[in-house]
Amino acid sequence: MSPGDDPGGRWAARLARARRAERLLIRLGWLVIVVSAVGIVAEVVAIASGYDDLADGVVVLAGLVLGGILTGAVAFGSGVNVGINAERLEREIAREGVAPGGAGPTGGTGR
């Protein structure tokens, strides 16, 4: 019997995939935030040393903040959201006592 034949196995596989996606998105978010922060520090040093003038530096800093930090925060938040929804689904599966999508007292809709 493969996981595709068992509704409970399908949901377990989906929950496992959601947990992996959660970890990946959170790590990706932190990575993007750290790389952007390093870029911000490097640009501030470039402005302070006179390598870049202030107008160009402000544009680069704005791009790093808006493009990098916010992108990292969105990836991090998406990972947290996936994790929260996986937890919610896991609790609903445990509360229902039947595999979602399977035959049960609610017809598999969970409502």
# chains A, B, ... in the order shown; residues from 1 in each chain; ligands from 1
>>> residues_around(residues="A:Ile26", least_positions_apart="6", cutoff="12 Å", atoms="only C-alpha atoms", output="list in words")
Arg19, Arg20, Val32, Ile33, Thr71, Gly72, Ala73, Val74, Ala75, Phe76, Gly77, Ser78, Gly79, Val80, Asn81, Val82 and Gly83 of chain A
>>> residues_around(residues="A:Gly68", least_positions_apart="5", cutoff="12 Å", atoms="only C-alpha atoms", output="mmCIF file with C-alpha atoms, in the first residue's frame")
data_model
loop_
_atom_site.group_PDB
_atom_site.id
_atom_site.type_symbol
_atom_site.label_atom_id
_atom_site.label_comp_id
_atom_site.auth_asym_id
_atom_site.auth_seq_id
_atom_site.Cartn_x
_atom_site.Cartn_y
_atom_site.Cartn_z
ATOM 1 C CA LEU A 28 15.990 31.538 3.810
ATOM 2 C CA GLY A 29 14.456 34.568 5.506
ATOM 3 C CA TRP A 30 17.278 34.796 8.042
ATOM 4 C CA LEU A 31 19.885 34.322 5.295
ATOM 5 C CA VAL A 32 18.451 37.137 3.185
ATOM 6 C CA ILE A 33 18.214 39.435 6.221
ATOM 7 C CA VAL A 34 21.835 38.742 7.219
ATOM 8 C CA VAL A 35 23.175 39.228 3.680
ATOM 9 C CA SER A 36 21.233 42.482 3.368
ATOM 10 C CA ALA A 37 22.526 43.695 6.736
ATOM 11 C CA VAL A 38 26.097 42.969 5.624
ATOM 12 C CA GLY A 39 25.396 44.913 2.428
ATOM 13 C CA ILE A 40 24.053 47.843 4.436
ATOM 14 C CA VAL A 60 21.692 51.731 -2.575
ATOM 15 C CA LEU A 61 20.722 51.706 1.099
ATOM 16 C CA ALA A 62 17.051 52.167 0.240
ATOM 17 C CA GLY A 63 17.271 49.296 -2.240
ATOM 18 C CA ALA A 73 11.044 39.281 6.548
ATOM 19 C CA VAL A 74 8.401 38.077 4.091
ATOM 20 C CA ALA A 75 10.160 34.712 3.659
#
>>> atom_distance(atom1="atom CA of A:Leu66", atom2="atom CA of A:Ile84")
26.0 Å
>>> closest_residue(among="A:Ala94, A:Leu15, A:Ala21, A:Ile47", to="A:Val59", atoms="only C-alpha atoms")
A:Ile47
>>> select_by_dssp(residues="stretch 2-104 of chain A", states="alpha helix (DSSP H)", output="PyMOL selection string")
chain A and resi 7-49+54-63+70-96
>>> decode(residues="stretch 35-49 of chain A", atoms="N, CA and C atoms", output="mmCIF file, in the first residue's frame")
data_model
loop_
_atom_site.group_PDB
_atom_site.id
_atom_site.type_symbol
_atom_site.label_atom_id
_atom_site.label_comp_id
_atom_site.auth_asym_id
_atom_site.auth_seq_id
_atom_site.Cartn_x
_atom_site.Cartn_y
_atom_site.Cartn_z
ATOM 1 N N VAL A 35 22.434 38.745 4.853
ATOM 2 C CA VAL A 35 23.175 39.228 3.680
ATOM 3 C C VAL A 35 22.856 40.696 3.416
ATOM 4 N N SER A 36 21.608 41.081 3.567
ATOM 5 C CA SER A 36 21.233 42.482 3.368
ATOM 6 C C SER A 36 21.858 43.374 4.433
ATOM 7 N N ALA A 37 21.905 42.903 5.670
ATOM 8 C CA ALA A 37 22.526 43.695 6.736
ATOM 9 C C ALA A 37 24.021 43.883 6.473
ATOM 10 N N VAL A 38 24.676 42.844 5.985
ATOM 11 C CA VAL A 38 26.097 42.969 5.624
ATOM 12 C C VAL A 38 26.259 43.978 4.488
ATOM 13 N N GLY A 39 25.355 43.941 3.523
ATOM 14 C CA GLY A 39 25.396 44.913 2.428
ATOM 15 C C GLY A 39 25.185 46.334 2.917
ATOM 16 N N ILE A 40 24.304 46.511 3.878
ATOM 17 C CA ILE A 40 24.053 47.843 4.436
ATOM 18 C C ILE A 40 25.302 48.358 5.135
ATOM 19 N N VAL A 41 25.927 47.488 5.936
ATOM 20 C CA VAL A 41 27.162 47.894 6.625
ATOM 21 C C VAL A 41 28.248 48.237 5.610
ATOM 22 N N ALA A 42 28.381 47.427 4.571
ATOM 23 C CA ALA A 42 29.392 47.694 3.543
ATOM 24 C C ALA A 42 29.119 49.021 2.835
ATOM 25 N N GLU A 43 27.878 49.320 2.564
ATOM 26 C CA GLU A 43 27.557 50.581 1.883
ATOM 27 C C GLU A 43 27.790 51.772 2.794
ATOM 28 N N VAL A 44 27.480 51.644 4.079
ATOM 29 C CA VAL A 44 27.755 52.728 5.019
ATOM 30 C C VAL A 44 29.257 52.989 5.088
ATOM 31 N N VAL A 45 30.047 51.916 5.091
ATOM 32 C CA VAL A 45 31.508 52.071 5.089
ATOM 33 C C VAL A 45 31.957 52.736 3.793
ATOM 34 N N ALA A 46 31.367 52.353 2.668
ATOM 35 C CA ALA A 46 31.728 52.956 1.378
ATOM 36 C C ALA A 46 31.392 54.440 1.355
ATOM 37 N N ILE A 47 30.272 54.821 1.933
ATOM 38 C CA ILE A 47 29.906 56.241 1.986
ATOM 39 C C ILE A 47 30.856 56.989 2.912
ATOM 40 N N ALA A 48 31.136 56.392 4.076
ATOM 41 C CA ALA A 48 32.006 57.055 5.046
ATOM 42 C C ALA A 48 33.430 57.211 4.515
ATOM 43 N N SER A 49 33.896 56.268 3.724
ATOM 44 C CA SER A 49 35.265 56.337 3.199
ATOM 45 C C SER A 49 35.358 57.208 1.957
#
